[in-house]
Amino acid sequence: MFVLMSAFKAGEVDPGNTTRKIVVIGSTGRTGRLVLDEGVRRGHSMTAFTRRPERLEGVPRLTSVVQGDGRNLDDIRRAVAGQDAVISIVSSEGRGPTTVMSEVTRVELDAMREAGVRRLVSVSVSAIEGRRPWILINLVRWILRKPYADFARMERLITLSSVDWTIVRPPYLSNGPKTGRVRTQTGRKDLPHGPYHISRADLAATLVDLAEDSQHVGEVLLVSELRKSG
Ligand SMILES: NC(=O)c1ccc[n+]([C@@H]2O[C@H](COP(=O)([O-])OP(=O)(O)OC[C@H]3O[C@@H](n4cnc5c(N)ncnc54)[C@H](OP(=O)(O)O)[C@@H]3O)[C@@H](O)[C@H]2O)c1
């Protein structure tokens, strides 16, 4: 691990330097890994927070790996202190009742407030309010109603907080390649038309874009692949 020295405090943007210190909570997940790769590729200082650091062995050029559980304030404090931005991509396993997303978020917000870190980019799910494509989404929403209830709790905590937040709601996630063709929508609950999917690689790039500056602060952002005709 190496330490980058900066005259700028956490959360302040150095206008002459576009390099950011970004911590990823949920870093070993399928999207989390791609966020680490994308951030490193852009020259950012990337910190990975995970319960399972062995899964990151061999990942090149990370600034640090912090081991811990996202529900533990001391663990998250160690990861968040000194960062410019937090990207949170936490998900529970299975379809049962859970409080993981809301618990981790509550702890992230406490740690960010203590450390003076302002920027939070957090991944939720489009289906908590989306209605299209309606048969499929209603089925998914019913099957996953218990985890989705916790995503709703997570979103409430974030929107009531005073950090510079952006909530990103993707539809179905694929493992396809990065296309760079991403559609973003704010101020609405639903995507007006398909495609109703996005690759994890495109989602990862969008999350890093958001962590780089203050675009879409205080907004819920629907993202999906941009259809070829535009
Ligand atoms: N699958 C879909 O089609 C779909 C659609 C819309 C939205 N989403 C959402 O998009 C996001 C990304 O999905 P994905 O498939 O890439 O995720 P994933 O592979 O399931 O990864 C989930 C992450 O959650 C983290 N996590 C779980 N419990 C934690 C805890 N107690 N403390 C800290 N971290 C914890 C895990 O971190 P560690 O193991 O590293 O600790 C893991 O990296 C998720 O929020 C998912 O719900 C998915």
# chains A, B, ... in the order shown; residues from 1 in each chain; ligands from 1
$ residues_around --residues "stretch 54-61 of chain A" --least-positions-apart "2" --cutoff "7 Å" --atoms "only C-alpha atoms" --output "PDB file with C-alpha atoms, in the first residue's frame"
ATOM      1  CA  THR A  28     -15.425  -7.980  -5.167  1.00  0.00           C
ATOM      2  CA  VAL A  40      -7.356   2.380 -11.994  1.00  0.00           C
ATOM      3  CA  ARG A  52     -13.164 -11.181   1.309  1.00  0.00           C
ATOM      4  CA  THR A  63      -4.018   1.915  -3.575  1.00  0.00           C
TER       5      THR A  63
END
$ residues_near_ligand --ligand "ligand 1" --cutoff "7 Å" --atoms "only C-alpha atoms and all ligand atoms" --output "JSON, numbers by chain"
{"A": [25, 26, 27, 28, 29, 30, 31, 32, 49, 50, 51, 52, 69, 70, 71, 89, 90, 91, 92, 93, 100, 104, 123, 124, 125, 126, 169, 170, 171, 172, 173, 174, 200]}
$ residues_around --residues "A:Thr98" --least-positions-apart "5" --cutoff "7 Å" --atoms "only C-alpha atoms" --output "MDAnalysis selection string"
chainID A and resid 92 146:147 150
$ closest_residue --among "A:Leu210, A:Arg33, A:Met154, A:His193" --to "A:Met101" --atoms "only C-alpha atoms"
A:Met154
